[in-house]
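Below is the file run.cif, which contains mmCIF, C-alpha atoms.
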```cif
data_structure
#
loop_
_atom_site.label_atom_id
_atom_site.label_comp_id
_atom_site.auth_asym_id
_atom_site.auth_seq_id
_atom_site.Cartn_x
_atom_site.Cartn_y
_atom_site.Cartn_z
CA MET A 1 0.00 0.00 0.00
CA VAL A 2 1.44 3.39 -1.06
CA THR A 3 1.27 6.11 1.58
CA ARG A 4 0.26 9.49 0.22
CA VAL A 5 2.72 12.17 1.34
CA SER A 6 1.05 15.44 2.32
CA GLU A 7 2.05 18.80 0.85
CA GLU A 8 3.37 19.85 4.26
CA ASP A 9 5.63 16.80 4.40
CA ILE A 10 6.86 17.48 0.86
CA ALA A 11 7.66 21.08 1.78
CA GLN A 12 9.68 19.85 4.76
CA ILE A 13 11.50 17.29 2.61
CA TRP A 14 12.38 20.04 0.15
CA ALA A 15 13.72 22.24 2.92
CA ASN A 16 15.80 19.42 4.41
CA PHE A 17 17.16 18.36 1.01
CA LYS A 18 18.23 21.89 0.11
CA CYS A 19 20.17 22.05 3.38
CA ASP A 20 21.97 18.81 2.48
CA GLN A 21 21.82 17.83 -1.20
CA THR A 22 24.07 14.84 -0.58
CA ASN A 23 21.19 13.13 1.26
CA GLN A 24 20.17 10.43 -1.24
CA SER A 25 17.22 9.31 0.87
CA LEU A 26 15.55 12.72 0.67
CA ARG A 27 16.29 12.99 -3.06
CA ASN A 28 14.73 9.56 -3.64
CA LYS A 29 11.59 10.63 -1.80
CA LEU A 30 11.28 13.64 -4.10
CA ILE A 31 11.88 11.49 -7.17
CA GLU A 32 9.18 9.08 -6.04
CA ARG A 33 6.77 11.95 -5.38
CA PHE A 34 7.14 13.49 -8.86
CA LEU A 35 7.75 10.31 -10.89
CA PRO A 36 4.17 10.30 -12.30
CA LEU A 37 5.05 13.54 -14.13
CA VAL A 38 7.79 11.67 -16.00
CA ARG A 39 5.46 8.91 -17.20
CA TYR A 40 2.72 11.39 -18.14
CA ASN A 41 5.07 13.49 -20.29
CA ALA A 42 6.79 10.42 -21.74
CA GLU A 43 3.45 9.05 -22.94
CA ARG A 44 2.54 12.39 -24.51
CA VAL A 45 5.84 12.59 -26.41
CA TRP A 46 5.73 8.91 -27.34
CA ALA A 47 2.21 9.21 -28.77
CA LYS A 48 3.49 11.59 -31.48
CA LEU A 49 6.42 9.39 -32.55
CA PRO A 50 6.58 6.70 -35.25
CA ASP A 51 6.72 3.03 -34.31
CA GLY A 52 10.03 1.74 -33.04
CA VAL A 53 10.62 4.15 -30.14
CA ASP A 54 10.55 2.45 -26.75
CA LEU A 55 8.44 4.24 -24.15
CA ASN A 56 10.72 2.98 -21.37
CA ASP A 57 13.70 4.72 -23.00
CA LEU A 58 11.83 8.01 -22.80
CA ILE A 59 10.88 7.38 -19.18
CA SER A 60 14.49 6.60 -18.27
CA ALA A 61 15.68 9.82 -19.90
CA GLY A 62 12.88 11.73 -18.19
CA VAL A 63 13.99 10.46 -14.78
CA PHE A 64 17.45 11.97 -15.36
CA GLY A 65 15.74 15.23 -16.31
CA LEU A 66 13.70 15.05 -13.10
CA ILE A 67 16.82 14.46 -10.99
CA ASP A 68 18.52 17.41 -12.67
CA ALA A 69 15.48 19.58 -11.95
CA ILE A 70 15.36 18.50 -8.29
CA GLU A 71 19.01 19.37 -7.76
CA ALA A 72 18.76 22.73 -9.55
CA PHE A 73 15.39 23.84 -8.14
CA ASP A 74 15.49 27.09 -6.15
CA LEU A 75 12.90 27.24 -3.36
CA GLU A 76 13.31 31.00 -3.03
CA ARG A 77 11.98 31.78 -6.50
CA GLY A 78 8.37 31.03 -5.54
CA VAL A 79 7.73 28.84 -8.59
CA LYS A 80 5.85 25.55 -8.35
CA PHE A 81 8.21 22.64 -8.90
CA GLU A 82 5.77 20.98 -11.31
CA THR A 83 5.95 24.05 -13.56
CA TYR A 84 9.74 24.20 -13.33
CA CYS A 85 10.53 20.55 -13.91
CA VAL A 86 8.34 19.68 -16.92
CA PRO A 87 10.50 21.51 -19.52
CA ARG A 88 13.60 19.77 -18.13
CA ILE A 89 11.91 16.36 -18.22
CA ARG A 90 10.73 16.82 -21.79
CA GLY A 91 14.06 18.33 -22.78
CA ALA A 92 15.90 15.27 -21.48
CA MET A 93 13.57 13.03 -23.48
CA LEU A 94 14.09 14.99 -26.69
CA ASP A 95 17.85 15.02 -26.12
CA GLU A 96 17.69 11.23 -25.82
CA LEU A 97 15.75 10.99 -29.08
CA ARG A 98 18.38 13.06 -30.87
CA THR A 99 21.13 10.88 -29.42
CA MET A 100 19.33 7.73 -30.58
CA ASP A 101 18.89 9.25 -34.06
CA TRP A 102 15.46 7.62 -33.96
CA VAL A 103 14.25 9.26 -37.16
CA PRO A 104 14.60 6.63 -39.93
CA ARG A 105 16.53 7.54 -43.08
CA LEU A 106 13.39 7.08 -45.14
CA VAL A 107 11.61 9.72 -43.05
CA ARG A 108 14.54 12.11 -43.49
CA SER A 109 14.44 11.48 -47.24
CA LYS A 110 10.70 12.22 -47.37
CA ALA A 111 11.25 15.40 -45.34
CA SER A 112 13.86 16.58 -47.85
CA LYS A 113 11.53 15.92 -50.79
CA VAL A 114 8.65 17.77 -49.11
CA GLU A 115 10.84 20.80 -48.36
CA ALA A 116 12.29 20.83 -51.91
CA ALA A 117 8.81 20.72 -53.46
CA ARG A 118 7.60 23.48 -51.13
CA LYS A 119 10.52 25.75 -52.10
CA GLU A 120 9.96 25.12 -55.82
CA ALA A 121 6.26 25.93 -55.52
CA GLU A 122 7.02 29.07 -53.49
CA ALA A 123 9.50 30.26 -56.12
CA GLU A 124 6.97 29.59 -58.89
CA PHE A 125 4.00 31.36 -57.28
CA GLY A 126 5.95 34.07 -55.42
CA ARG A 127 4.11 33.30 -52.16
CA PRO A 128 3.79 30.48 -49.61
CA PRO A 129 2.13 27.62 -51.53
CA THR A 130 -0.96 25.71 -50.43
CA ASP A 131 -0.89 22.00 -49.64
CA VAL A 132 -2.68 21.29 -52.92
CA GLU A 133 -0.02 23.16 -54.91
CA VAL A 134 2.85 21.37 -53.17
CA SER A 135 1.17 17.97 -53.62
CA ARG A 136 0.80 18.67 -57.35
CA LYS A 137 4.45 19.65 -57.52
CA MET A 138 5.36 16.31 -55.93
CA GLY A 139 2.91 14.42 -58.15
CA VAL A 140 1.07 12.79 -55.23
CA PRO A 141 -2.54 13.00 -53.95
CA VAL A 142 -3.24 15.59 -51.24
CA GLU A 143 -3.98 12.82 -48.71
CA GLU A 144 -0.58 11.24 -49.30
CA TYR A 145 1.12 14.64 -49.09
CA GLU A 146 -0.56 15.31 -45.73
CA LYS A 147 0.81 12.00 -44.46
CA LEU A 148 4.30 12.80 -45.78
CA LYS A 149 4.21 16.23 -44.15
CA GLN A 150 3.17 14.75 -40.80
CA GLU A 151 5.99 12.21 -40.92
CA ALA A 152 8.47 14.88 -41.96
CA SER A 153 7.56 17.02 -38.96
CA ALA A 154 9.21 14.42 -36.72
CA VAL A 155 12.62 15.54 -38.02
CA ASN A 156 12.18 19.00 -36.55
CA LEU A 157 11.99 18.10 -32.85
CA VAL A 158 14.16 20.42 -30.76
CA SER A 159 15.03 20.08 -27.09
CA LEU A 160 13.66 22.96 -25.04
CA ASN A 161 16.65 22.51 -22.73
CA LYS A 162 19.16 23.06 -25.55
CA LYS A 163 21.47 26.07 -25.11
CA TRP A 164 20.55 29.05 -27.29
CA TYR A 165 23.71 30.94 -26.36
CA GLU A 166 26.00 31.25 -23.36
CA THR A 167 26.14 34.31 -21.13
CA ASP A 168 28.60 35.73 -18.64
CA SER A 169 26.19 34.96 -15.82
CA TYR A 170 25.74 31.58 -14.15
CA LYS A 171 22.64 30.83 -16.22
CA ASP A 172 22.80 30.07 -19.94
CA VAL A 173 19.94 31.09 -22.22
CA ARG A 174 18.10 28.02 -23.49
CA GLU A 175 15.50 27.37 -26.18
CA ILE A 176 12.63 27.54 -23.69
CA ASP A 177 13.73 31.02 -22.61
CA ILE A 178 13.30 32.54 -26.09
CA ILE A 179 10.19 30.71 -27.35
CA GLU A 180 7.22 33.02 -27.82
CA ASP A 181 4.23 32.14 -25.68
CA THR A 182 1.53 32.31 -28.35
CA LYS A 183 -1.11 31.14 -25.88
CA GLY A 184 -0.39 33.84 -23.33
CA GLU A 185 -2.94 36.60 -22.99
CA ASP A 186 -2.18 40.30 -22.81
CA PRO A 187 -2.79 41.26 -19.14
CA THR A 188 -4.27 44.61 -20.21
CA ARG A 189 -6.74 42.83 -22.48
CA CYS A 190 -7.66 40.46 -19.64
CA ILE A 191 -8.45 43.42 -17.36
CA GLN A 192 -10.51 45.09 -20.09
CA LYS A 193 -12.48 41.89 -20.72
CA ARG A 194 -13.14 41.53 -16.99
CA ASP A 195 -14.34 45.15 -16.69
CA VAL A 196 -16.62 44.78 -19.71
CA MET A 197 -18.03 41.56 -18.30
CA LYS A 198 -18.80 43.28 -14.98
CA LEU A 199 -20.50 46.14 -16.79
CA VAL A 200 -22.55 43.91 -19.05
CA THR A 201 -23.67 41.44 -16.38
CA LYS A 202 -24.52 44.06 -13.76
CA GLY A 203 -28.18 43.77 -12.78
CA LEU A 204 -28.67 40.31 -14.33
CA ASN A 205 -29.80 37.31 -12.32
CA ARG A 206 -27.71 34.13 -12.00
CA ASN A 207 -29.03 32.34 -15.10
CA GLU A 208 -28.84 35.48 -17.23
CA ARG A 209 -25.23 36.13 -16.20
CA LEU A 210 -24.31 32.54 -16.96
CA ILE A 211 -25.92 32.68 -20.40
CA ILE A 212 -23.90 35.80 -21.31
CA ILE A 213 -20.63 34.42 -19.90
CA LEU A 214 -21.02 30.93 -21.38
CA TYR A 215 -22.09 32.20 -24.80
CA TYR A 216 -19.72 35.12 -25.33
CA TYR A 217 -16.74 34.22 -23.16
CA GLU A 218 -16.71 30.40 -23.10
CA GLU A 219 -18.18 30.20 -26.64
CA LEU A 220 -20.67 27.45 -25.82
CA THR A 221 -23.64 26.79 -28.10
CA MET A 222 -27.22 27.43 -27.01
CA LYS A 223 -27.73 23.70 -26.72
CA GLU A 224 -24.65 23.26 -24.50
CA ILE A 225 -25.74 26.17 -22.30
CA GLY A 226 -29.19 24.64 -21.97
CA THR A 227 -27.68 21.34 -20.87
CA THR A 228 -25.52 23.16 -18.30
CA LEU A 229 -28.41 25.18 -16.85
CA GLY A 230 -31.09 22.51 -17.20
CA LEU A 231 -33.06 24.55 -19.72
CA SER A 232 -34.26 23.83 -23.26
CA GLU A 233 -32.31 25.24 -26.19
CA SER A 234 -35.30 27.36 -27.26
CA ARG A 235 -35.65 28.79 -23.73
CA VAL A 236 -31.97 29.75 -23.66
CA SER A 237 -32.35 31.43 -27.07
CA GLN A 238 -35.41 33.40 -25.84
CA MET A 239 -33.60 34.52 -22.71
CA HIS A 240 -30.51 35.50 -24.72
CA SER A 241 -32.57 37.69 -27.07
CA SER A 242 -34.33 39.32 -24.13
CA ILE A 243 -31.02 40.00 -22.35
CA VAL A 244 -29.41 41.50 -25.47
CA ASN A 245 -32.37 43.83 -26.09
CA ARG A 246 -32.33 44.93 -22.45
CA LEU A 247 -28.58 45.59 -22.55
CA LYS A 248 -28.93 47.63 -25.74
CA GLU A 249 -31.47 49.86 -24.00
CA GLN A 250 -29.30 50.24 -20.90
CA LEU A 251 -26.15 51.04 -22.85
CA GLY A 252 -28.09 53.44 -25.07
CA ARG A 253 -29.21 55.40 -22.00
CA ARG A 254 -25.62 55.45 -20.66
CA ARG A 255 -23.99 56.50 -23.94
CA PRO A 256 -23.42 60.12 -22.76
CA GLU A 257 -21.35 58.75 -19.83
CA PHE A 258 -18.96 56.98 -22.20
CA ALA A 259 -18.71 60.02 -24.48
CA GLN A 260 -17.48 62.14 -21.55
CA GLN A 261 -14.68 59.71 -20.64
#
```
How would this structure read if it were set down as structure tokens?
Amino acid sequence: MVTRVSEEDIAQIWANFKCDQTNQSLRNKLIERFLPLVRYNAERVWAKLPDGVDLNDLISAGVFGLIDAIEAFDLERGVKFETYCVPRIRGAMLDELRTMDWVPRLVRSKASKVEAARKEAEAEFGRPPTDVEVSRKMGVPVEEYEKLKQEASAVNLVSLNKKWYETDSYKDVREIDIIEDTKGEDPTRCIQKRDVMKLVTKGLNRNERLIIILYYYEELTMKEIGTTLGLSESRVSQMHSSIVNRLKEQLGRRRPEFAQQ
């Protein structure tokens, strides 16, 4: 039977380990605690790879990444260890894949042909070509080209832990440090959206607020909102129309306030 270690116990183990990083027993407890993260990330990487890559090899590499993260983790930075260690775990796995040279020569050959055809089509049309245009250039059906392109993408894996360049400081700049976070939201935009939501939903009852939030912010359909609130789709649609008309009247009356700001 596995005993679940509490967060308080983990915090104490961290504190004790950072006082004495030669203590293998404490390090092993931390490895055991965060080992599920290694398997989870290994399975996610492995699922995108062609046949022939052993999942256990990825897990083994991920464990070394986890150990490296445990030893380098700084408690004073106020960052959750789970957030800090995942890039190192995945980076160790991708480093292992590069070392293994797991990409078959046939895949590399296909990747070269796809890239050559894409460049030829781009030079011919003077713009980035479509998949249909590239497939025609290669003389293969679009479906086959899509498969070739997916296989070729395996050649472009890059370790997030790879050094981008070295600095004079103790910390080198790595790939993960310079990758653009395309999913991150502008904090100013988040504040504006929150303020607009407060303004729009002011004076609405619970169901009316939920309809507005779920429809415009969560982008649910009327049917999905009805299922969530226990209402019929037609009833949700009626309430939505009523709310929108009411809001138009309210905002129309308050238009002079906005004009003065």
Pick from A:Val244, A:Gly126, A:Arg88, A:Met93 nearest to Asn56 (chain A), counting only C-alpha atoms: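 The closest residue to Asn56 (chain A) is A:Met93.
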Answer key for the PyMOL selection byres ((chain A and resi 61) around 10), residues as a ChimeraX atom specification: /A:38,42,56-60,62-66,89-97
Nearby residues (only C-alpha atoms) at most 8 Å from Ala117 (chain A), same-chain spacing under 5 positions excluded, as JSON, numbers by chain: {"A": [134, 137, 138]}
Chain and number of each residue from the PyMOL selection byres ((chain A and resi 13-28) around 12), as a list in words: Val5, Ser6, Glu7, Glu8, Asp9, Ile10, Ala11, Gln12, Lys29, Leu30, Ile31, Glu32, Arg33, Phe34, Leu35, Val63, Leu66, Ile67, Asp68, Ala69, Ile70, Glu71, Ala72, Phe73, Asp74, Leu75, Glu76 and Phe81 of chain A
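Note that CA of Lys223 (chain A) and CA of Leu204 (chain A) are 20.7 Å apart.
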Contacts of Val132 (chain A) at 10 Å (all atoms listed in the file; same-chain gap of 2+ positions) as a list in words: Pro129, Thr130, Val134, Ser135, Arg136, Lys137, Met138, Val140, Pro141, Val142, Glu143, Tyr145 and Glu146 of chain A
